[in-house]
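Input: a single structure, listed below in structure tokens.
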Amino acid sequence: YGVDLDWTNEQFGARAEYMAVTDAREEQGLRGNNLNAARARAWYVQGTWVVTGDKKERPVEPEHPLPMRGIGAIEVAARFERLWFDSKATGEPAFSNSRAEVILPNGDKALTLGLKWYLNRWMKLQMNAIHEELQDNGRTPLLDGGTKFWSTVFRAQLAL
């Protein structure tokens, strides 16, 4: 199940969403027994602002496109999100094995700061800086076992 909200007004936009999924683990125990349902839950909240005063639409279409009449449109964005997995606690010890009666919880928090430059109606450049924090240092992509890291994403988009 899930719920979402989407709001725009002139140069501003806001979105939020919450979702939850359960997976029945019938006959998945080591002895063919039923296990507690695995759970996945996530939410995010984000806000955007078109700082050049252009109207916030999907897609943003610059009133002063580059190179004919101006610099295009610039939009800044911030997003905070949380994703986590677990199962219902029963008093049994939790393990990271997917066949454990109680799944050891794990999750990710992410903060994304973004900048979009709409050069004209056909071209967009997007840059994001993302800070992530993982819950379990035993299950991390970092070689040193760390749980916090930054990454960057750059995207160029051409619409035909």
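Identifiers for the structure tokens are assigned positionally: chains receive A, B, ... in sequence, residues are indexed from 1 per chain, and ligands are indexed from 1 in the order shown.
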message = Excluding Thr152 of chain A and its own-chain neighbours fewer than 2 positions away, which residues fall within 10 Å of it when counting only C-alpha atoms? Please give them as a PyMOL selection string.
response = chain A and resi 112-114+127-131+150+154
Give me the residues near segment 4-20 of chain A as a compact mmCIF listing (two decimals) with all heavy atoms, in the first residue's frame, where near means some atom within 7 Å (using only C-alpha atoms) and where sequence neighbours in that chain fewer than 6 positions away do not count.
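Below is the file around-v5.txt, written as the result:
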# COMPACT_ATOMS: atom_id res chain seq x y z
N ALA A 40 9.15 -4.26 3.73
CA ALA A 40 9.92 -3.16 3.14
C ALA A 40 9.06 -1.91 3.26
O ALA A 40 7.87 -1.94 2.93
CB ALA A 40 10.24 -3.45 1.68
N ARG A 41 9.67 -0.85 3.77
CA ARG A 41 8.95 0.41 3.90
C ARG A 41 9.84 1.54 3.42
O ARG A 41 11.07 1.46 3.55
CB ARG A 41 8.53 0.63 5.35
CG ARG A 41 7.44 -0.33 5.78
CD ARG A 41 7.18 -0.31 7.24
NE ARG A 41 8.29 -1.02 7.88
CZ ARG A 41 8.44 -1.16 9.18
NH1 ARG A 41 7.57 -0.61 9.99
NH2 ARG A 41 9.44 -1.82 9.69
N ALA A 42 9.23 2.56 2.87
CA ALA A 42 10.01 3.69 2.36
C ALA A 42 9.14 4.95 2.35
O ALA A 42 7.92 4.87 2.27
CB ALA A 42 10.51 3.39 0.95
N TRP A 43 9.82 6.09 2.44
CA TRP A 43 9.14 7.37 2.28
C TRP A 43 10.14 8.38 1.76
O TRP A 43 11.36 8.19 1.87
CB TRP A 43 8.49 7.85 3.57
CG TRP A 43 9.42 8.05 4.73
CD1 TRP A 43 9.67 7.17 5.73
CD2 TRP A 43 10.24 9.19 5.01
NE1 TRP A 43 10.59 7.68 6.62
CE2 TRP A 43 10.95 8.94 6.20
CE3 TRP A 43 10.44 10.41 4.38
CZ2 TRP A 43 11.84 9.84 6.76
CZ3 TRP A 43 11.33 11.32 4.94
CH2 TRP A 43 12.02 11.03 6.12
N TYR A 44 9.62 9.43 1.17
CA TYR A 44 10.47 10.56 0.79
C TYR A 44 9.65 11.84 0.84
O TYR A 44 8.42 11.82 0.75
CB TYR A 44 11.10 10.38 -0.60
CG TYR A 44 10.15 10.58 -1.76
CD1 TYR A 44 9.91 11.85 -2.28
CD2 TYR A 44 9.50 9.50 -2.33
CE1 TYR A 44 9.03 12.03 -3.34
CE2 TYR A 44 8.63 9.68 -3.39
CZ TYR A 44 8.40 10.95 -3.89
OH TYR A 44 7.54 11.13 -4.93
N VAL A 45 10.34 12.95 0.98
CA VAL A 45 9.75 14.27 0.89
C VAL A 45 10.74 15.12 0.10
O VAL A 45 11.95 15.02 0.31
CB VAL A 45 9.42 14.86 2.28
CG1 VAL A 45 10.66 15.01 3.13
CG2 VAL A 45 8.68 16.16 2.15
N GLN A 46 10.23 15.92 -0.84
CA GLN A 46 11.12 16.74 -1.65
C GLN A 46 10.47 18.08 -1.96
O GLN A 46 9.25 18.21 -1.96
CB GLN A 46 11.50 16.05 -2.94
CG GLN A 46 10.41 15.98 -3.98
CD GLN A 46 10.86 15.28 -5.25
OE1 GLN A 46 11.72 14.42 -5.23
NE2 GLN A 46 10.27 15.66 -6.36
N GLY A 47 11.32 19.05 -2.22
CA GLY A 47 10.86 20.38 -2.60
C GLY A 47 11.72 20.90 -3.74
O GLY A 47 12.91 20.60 -3.81
N THR A 48 11.10 21.68 -4.63
CA THR A 48 11.82 22.28 -5.75
C THR A 48 11.44 23.75 -5.89
O THR A 48 10.34 24.16 -5.48
CB THR A 48 11.51 21.55 -7.07
OG1 THR A 48 10.11 21.64 -7.34
CG2 THR A 48 11.93 20.09 -7.02
N TRP A 49 12.36 24.52 -6.49
CA TRP A 49 12.12 25.95 -6.71
C TRP A 49 12.79 26.35 -8.01
O TRP A 49 14.00 26.15 -8.17
CB TRP A 49 12.67 26.75 -5.55
CG TRP A 49 12.61 28.23 -5.70
CD1 TRP A 49 11.65 28.98 -6.31
CD2 TRP A 49 13.57 29.17 -5.20
NE1 TRP A 49 11.94 30.31 -6.24
CE2 TRP A 49 13.12 30.47 -5.55
CE3 TRP A 49 14.75 29.05 -4.48
CZ2 TRP A 49 13.82 31.61 -5.22
CZ3 TRP A 49 15.44 30.20 -4.15
CH2 TRP A 49 14.98 31.46 -4.51
N VAL A 50 12.02 26.89 -8.94
CA VAL A 50 12.57 27.42 -10.18
C VAL A 50 13.02 28.85 -9.88
O VAL A 50 12.20 29.77 -9.84
CB VAL A 50 11.54 27.37 -11.34
CG1 VAL A 50 12.18 27.86 -12.63
CG2 VAL A 50 11.00 25.97 -11.51
N GLY A 53 12.33 32.22 -11.99
CA GLY A 53 10.98 32.77 -12.08
C GLY A 53 10.11 32.11 -13.13
O GLY A 53 8.94 32.48 -13.28
N ASP A 54 10.63 31.14 -13.86
CA ASP A 54 9.82 30.43 -14.85
C ASP A 54 8.75 29.61 -14.14
O ASP A 54 8.90 29.23 -12.99
CB ASP A 54 10.72 29.52 -15.69
CG ASP A 54 11.78 30.29 -16.44
OD1 ASP A 54 12.81 30.62 -15.81
OD2 ASP A 54 11.57 30.57 -17.62
N LYS A 55 7.67 29.33 -14.86
CA LYS A 55 6.56 28.59 -14.27
C LYS A 55 6.93 27.12 -14.07
O LYS A 55 7.51 26.49 -14.93
CB LYS A 55 5.33 28.70 -15.17
CG LYS A 55 4.07 28.27 -14.50
CD LYS A 55 2.86 28.71 -15.28
CE LYS A 55 1.65 28.34 -14.46
NZ LYS A 55 0.46 28.96 -14.93
N LYS A 56 6.59 26.60 -12.89
CA LYS A 56 6.85 25.21 -12.54
C LYS A 56 5.82 24.33 -13.21
O LYS A 56 4.67 24.25 -12.80
CB LYS A 56 6.81 25.03 -11.02
CG LYS A 56 6.93 23.62 -10.53
CD LYS A 56 8.33 23.14 -10.61
CE LYS A 56 8.41 21.74 -10.03
NZ LYS A 56 9.53 21.01 -10.52
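Restricting the calculation to only C-alpha atoms, the smallest distance between Thr140 of chain A and any of A:Lys88, A:Met68, A:Ala159, A:Asp108 is found for A:Asp108.
Closest approach to Asp86 of chain A among A:Leu142, A:Val102, A:Ala110, A:Val153: A:Val102, based on only C-alpha atoms.
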request  = Could you tell me which of A:Gly29, A:Gly107, A:Gly91, A:Gly72 comes closest to Glu133 of chain A if we count only C-alpha atoms?
outcome  = A:Gly107
request  = Check the smallest atom-to-atom distance from each of A:Ser87, A:Asn120, A:Asn36, A:Thr147 to Glu132 of chain A using only C-alpha atoms, then report the winner.
outcome  =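 Looking only at the distances to Glu132 of chain A, the closest residue turns out to be A:Thr147.
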inquiry  = If I take atom CA of Leu119 of chain A and atom CA of Glu81 of chain A, how far is one from the other in Å, to one decimal?
reply    =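 Separating atom CA of Leu119 of chain A from atom CA of Glu81 of chain A is a distance of 28.5 Å.
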query = By how many Å are atom CA of Pro67 of chain A and atom CA of Val51 of chain A apart?
reply = 18.7 Å
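Atom CA of Tyr1 of chain A sits 21.6 Å away from atom CA of Arg79 of chain A.
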request  = From a DSSP calculation on the backbone, collect every residue of segment 47-155 of chain A in strand (DSSP E) and output the set as number ranges by chain.
outcome  = A: 47-50, 73-87, 94-95, 102-103, 106-118, 123-134, 148-155
